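Asker: Below is a structure I'd like to ask you about.
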Amino acid sequence: MRSYSPDLTPPWKKSAPVPEVTADPDLVVEEVTTGFCGAVIRCEAGTVTLEDRFGKHRVFPLDPRGFLLEGRVVTLVRPSAAPAAPTRTASGSVAVPGARARVARAGRIYVEGRHDAELVEKVWGDDLRIEGVVVEYLEGIDDLPAIVADFAPAPDARLGILVDHLVPGSKESRIAASVTGEDVLVVGHPYIDVWEAVKPSSAGIPGWPSVPRGQDWKTGVCAALGWPPNTGAAWQHILSRVRSYKDLEPELLGAVEHLIDHVTEA
């Protein structure tokens, strides 16, 4: 018969129990031994991966009392089931589970700049596929009059164009005015580059630096922020930080939503 040994540890020497918290995606915690603070991006058997505000990843074991949540010691535990499907798309629209892409409309949206097009796809891609709107990359605005003439816009084939740095009195504004009509809408954002349309807090920086006139803006930003002089890699880092419309400035949000409404208007 097994003997019973009572726990004679004084109450004041026993560790107080700590709450167990599910390691859900985007939960921000601090690892107690290293002080590494980040959001949960992945939780597997026995480990959790955190991402800090600079995009750095660290993997930690799911040890008891291993993390701080809002200053309190907690034990992270693996989610018991797969997370529910999102109820909203990245643009904030109501998600439609299992919805198929609509057959492409005759109307189109042209987006000036490869980075701009990638950002539009990441945030509005689900919405555009459901609406049947195709987005095409516009290399430069100088060719816009010829593109519009070749497209031949009509009430059932509307055209929307998103232009970089569209400010009054500029060459871009004059070209935009020359093609704008009932079935053609040209909108823009006030930023020198679409990088600036990403909120600095989302990009993990205190603010977008001022770059002297005459200097390549992207290169100047990388230098001012201490990033390697690889603008392609810098953009991929910025784009990876964008998860939804909440990471973008209102001026870009309004412009893109206006274009989608114009092209899909019955």
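Naming works like this for the structure tokens: A, B, ... for the chains as they're shown, residue 1 at the start of each chain, ligands 1 onward in shown order.
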Check the DSSP output for the backbone and give back, as a count of residues only, the residues of segment 135-166 of chain A in helix (DSSP H, G or I).
Answerer: 11
Asker: Could you name the residues that touch Thr33 of chain A at 12 Å or less, counting only C-alpha atoms, but leaving out those on the same chain fewer than 6 positions away, as a PyMOL selection string?
Answerer: chain A and resi 60-61+63+65-68+73
Asker: Hey, can you check how far atom CA of Val48 of chain A sits from atom CA of Ala23 of chain A?
Answerer: 7.6 Å
Asker: Could you state the separation of atom CA of Ile192 of chain A and atom CA of Phe54 of chain A in Å, given to one decimal place?
Answerer: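 Atom CA of Phe54 of chain A lies 23.4 Å from atom CA of Ile192 of chain A.
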Asker: Excluding segment 187-190 of chain A and its own-chain neighbours fewer than 2 positions away, which residues fall within 10 Å of it when counting only C-alpha atoms? Please give them as an mmCIF file with N, CA and C atoms, in the first residue's frame.
Answerer:
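part-v5.cif, freshly written:
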data_model
loop_
_atom_site.group_PDB
_atom_site.id
_atom_site.type_symbol
_atom_site.label_atom_id
_atom_site.label_comp_id
_atom_site.auth_asym_id
_atom_site.auth_seq_id
_atom_site.Cartn_x
_atom_site.Cartn_y
_atom_site.Cartn_z
ATOM 1 N N VAL A 111 -3.502 50.823 -61.349
ATOM 2 C CA VAL A 111 -2.782 51.354 -60.194
ATOM 3 C C VAL A 111 -1.362 51.708 -60.610
ATOM 4 N N GLU A 112 -1.001 52.982 -60.424
ATOM 5 C CA GLU A 112 0.353 53.423 -60.784
ATOM 6 C C GLU A 112 1.340 52.960 -59.710
ATOM 7 N N GLY A 160 -11.162 52.996 -63.455
ATOM 8 C CA GLY A 160 -10.677 53.740 -62.295
ATOM 9 C C GLY A 160 -9.168 53.710 -62.263
ATOM 10 N N ILE A 161 -8.544 54.833 -61.919
ATOM 11 C CA ILE A 161 -7.075 54.915 -61.916
ATOM 12 C C ILE A 161 -6.609 55.514 -60.597
ATOM 13 N N LEU A 162 -5.653 54.833 -59.950
ATOM 14 C CA LEU A 162 -5.031 55.336 -58.716
ATOM 15 C C LEU A 162 -3.644 55.845 -59.064
ATOM 16 N N VAL A 163 -3.393 57.130 -58.764
ATOM 17 C CA VAL A 163 -2.149 57.791 -59.147
ATOM 18 C C VAL A 163 -1.379 58.215 -57.902
ATOM 19 N N ASP A 164 -0.047 58.069 -57.965
ATOM 20 C CA ASP A 164 0.836 58.519 -56.885
ATOM 21 C C ASP A 164 0.895 60.039 -56.820
ATOM 22 N N HIS A 165 0.990 60.577 -55.617
ATOM 23 C CA HIS A 165 1.321 61.984 -55.366
ATOM 24 C C HIS A 165 0.533 62.925 -56.269
ATOM 25 N N LEU A 166 -0.781 62.804 -56.257
ATOM 26 C CA LEU A 166 -1.640 63.634 -57.096
ATOM 27 C C LEU A 166 -1.967 64.919 -56.338
ATOM 28 N N VAL A 167 -1.272 65.996 -56.690
ATOM 29 C CA VAL A 167 -1.467 67.276 -56.007
ATOM 30 C C VAL A 167 -1.822 68.339 -57.052
ATOM 31 N N PRO A 168 -2.594 69.363 -56.673
ATOM 32 C CA PRO A 168 -3.015 70.407 -57.620
ATOM 33 C C PRO A 168 -1.821 71.095 -58.278
ATOM 34 N N GLU A 172 0.933 65.484 -63.128
ATOM 35 C CA GLU A 172 0.014 64.367 -62.933
ATOM 36 C C GLU A 172 -1.440 64.840 -62.887
ATOM 37 N N SER A 173 -1.678 65.973 -62.225
ATOM 38 C CA SER A 173 -3.049 66.478 -62.115
ATOM 39 C C SER A 173 -3.579 66.929 -63.466
ATOM 40 N N ALA A 176 -4.426 63.792 -65.412
ATOM 41 C CA ALA A 176 -5.631 63.201 -64.842
ATOM 42 C C ALA A 176 -6.878 63.940 -65.306
ATOM 43 N N THR A 180 -10.340 62.415 -67.329
ATOM 44 C CA THR A 180 -11.471 62.219 -66.427
ATOM 45 C C THR A 180 -12.795 62.473 -67.140
ATOM 46 N N LEU A 185 -12.620 57.639 -63.667
ATOM 47 C CA LEU A 185 -12.328 58.336 -62.416
ATOM 48 C C LEU A 185 -10.855 58.180 -62.089
ATOM 49 N N ILE A 192 4.435 61.168 -51.348
ATOM 50 C CA ILE A 192 5.498 61.069 -52.350
ATOM 51 C C ILE A 192 5.599 59.649 -52.864
ATOM 52 N N ASP A 193 5.444 58.692 -51.971
ATOM 53 C CA ASP A 193 5.463 57.276 -52.320
ATOM 54 C C ASP A 193 4.465 56.555 -51.438
ATOM 55 N N VAL A 194 3.939 55.429 -51.939
ATOM 56 C CA VAL A 194 2.905 54.712 -51.193
ATOM 57 C C VAL A 194 3.427 54.159 -49.867
ATOM 58 N N GLU A 196 4.569 55.833 -47.571
ATOM 59 C CA GLU A 196 4.080 56.768 -46.555
ATOM 60 C C GLU A 196 2.618 56.534 -46.194
ATOM 61 N N ALA A 197 1.892 55.797 -47.026
ATOM 62 C CA ALA A 197 0.490 55.508 -46.729
ATOM 63 C C ALA A 197 0.352 54.452 -45.646
ATOM 64 N N GLU A 249 -3.166 54.818 -43.868
ATOM 65 C CA GLU A 249 -3.661 56.170 -43.623
ATOM 66 C C GLU A 249 -5.011 56.376 -44.323
ATOM 67 N N PRO A 250 -5.876 57.223 -43.755
ATOM 68 C CA PRO A 250 -7.215 57.427 -44.312
ATOM 69 C C PRO A 250 -7.224 57.917 -45.757
ATOM 70 N N GLU A 251 -6.220 58.709 -46.146
ATOM 71 C CA GLU A 251 -6.211 59.258 -47.504
ATOM 72 C C GLU A 251 -6.142 58.161 -48.562
ATOM 73 N N LEU A 252 -5.378 57.113 -48.309
ATOM 74 C CA LEU A 252 -5.315 56.009 -49.265
ATOM 75 C C LEU A 252 -6.578 55.164 -49.191
ATOM 76 N N LEU A 253 -7.075 54.924 -47.993
ATOM 77 C CA LEU A 253 -8.293 54.130 -47.832
ATOM 78 C C LEU A 253 -9.453 54.750 -48.615
ATOM 79 N N GLY A 254 -9.632 56.040 -48.454
ATOM 80 C CA GLY A 254 -10.731 56.709 -49.132
ATOM 81 C C GLY A 254 -10.596 56.665 -50.639
ATOM 82 N N ALA A 255 -9.373 56.829 -51.133
ATOM 83 C CA ALA A 255 -9.145 56.824 -52.576
ATOM 84 C C ALA A 255 -9.486 55.474 -53.188
ATOM 85 N N VAL A 256 -9.016 54.394 -52.580
ATOM 86 C CA VAL A 256 -9.267 53.066 -53.136
ATOM 87 C C VAL A 256 -10.747 52.701 -53.043
ATOM 88 N N HIS A 258 -13.228 54.690 -53.100
ATOM 89 C CA HIS A 258 -13.928 55.504 -54.099
ATOM 90 C C HIS A 258 -13.824 54.846 -55.475
ATOM 91 N N LEU A 259 -12.640 54.333 -55.813
ATOM 92 C CA LEU A 259 -12.442 53.678 -57.099
ATOM 93 C C LEU A 259 -13.296 52.408 -57.214
#
Asker: Please determine, counting only C-alpha atoms, which residue among A:Val263, A:Val186, A:Val148, A:Val123 has the shortest atom-to-atom distance to Asp247 of chain A.
Answerer: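 The answer is A:Val123, which sits nearest to Asp247 of chain A.
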Asker: Suppose you want the space between atom CA of Ser210 of chain A and atom CA of Trp227 of chain A; what is it in Å?
Answerer: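 According to the coordinates, atom CA of Ser210 of chain A and atom CA of Trp227 of chain A are separated by 15.1 Å.
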Asker: Which residue gives the smallest distance to Glu131 of chain A among A:Thr264, A:Tyr110, A:Tyr191, A:Gly232, with only C-alpha atoms counted?
Answerer: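 Between A:Thr264, A:Tyr110, A:Tyr191, A:Gly232, the residue approaching Glu131 of chain A most closely is A:Thr264.
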Asker: Nearest to Gly204 of chain A: which of A:Ala157, A:Ala39, A:Ile238, A:Ala146 is it, counting only C-alpha atoms?
Answerer: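 Selected residue with least distance to Gly204 of chain A: A:Ile238.
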Asker: Tell me, as a PyMOL selection string, which residues lie within 7 Å of Pro25 of chain A, counting only C-alpha atoms; anything in the same chain fewer than 4 positions away does not count.
Answerer: chain A and resi 40-42
Asker: Between A:Ile205, A:Val198, A:Leu50, A:Ala152, which has the minimum distance to Val179 of chain A (counting only C-alpha atoms)?
Answerer: A:Ala152
Asker: Pick out the residues sitting within 12 Å of Ala234 of chain A, and hand them over as an mmCIF file with C-alpha atoms, in the first residue's frame; count only C-alpha atoms, and ignore anything fewer than 5 positions along from it in its own chain.
Answerer:
data_model
loop_
_atom_site.group_PDB
_atom_site.id
_atom_site.type_symbol
_atom_site.label_atom_id
_atom_site.label_comp_id
_atom_site.auth_asym_id
_atom_site.auth_seq_id
_atom_site.Cartn_x
_atom_site.Cartn_y
_atom_site.Cartn_z
ATOM 1 C CA PHE A 54 10.952 45.504 -35.813
ATOM 2 C CA GLY A 55 9.785 42.269 -37.435
ATOM 3 C CA HIS A 115 4.296 48.698 -54.694
ATOM 4 C CA TRP A 195 5.299 53.666 -48.396
ATOM 5 C CA ALA A 203 5.794 49.851 -40.006
ATOM 6 C CA LYS A 218 13.168 55.400 -51.016
ATOM 7 C CA THR A 219 16.958 55.347 -50.809
ATOM 8 C CA GLY A 220 16.895 58.369 -48.505
ATOM 9 C CA VAL A 221 14.337 56.709 -46.226
ATOM 10 C CA CYS A 222 16.468 53.567 -45.911
ATOM 11 C CA ALA A 223 19.542 55.660 -45.059
ATOM 12 C CA LEU A 225 16.212 54.740 -40.772
ATOM 13 C CA GLY A 226 19.491 52.802 -40.774
ATOM 14 C CA TRP A 227 18.107 50.119 -43.078
ATOM 15 C CA PRO A 228 20.289 48.363 -45.689
ATOM 16 C CA PRO A 229 20.217 50.198 -49.053
ATOM 17 C CA LEU A 239 4.296 45.182 -46.660
ATOM 18 C CA SER A 240 4.654 42.283 -44.212
ATOM 19 C CA ARG A 241 3.610 44.632 -41.392
#
Asker: Using only C-alpha atoms, which residue out of A:Leu62, A:Val120, A:Val32, A:Ala233 lies closest to Glu20 of chain A?
Answerer: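 Smallest separation from Glu20 of chain A among the options: A:Leu62.
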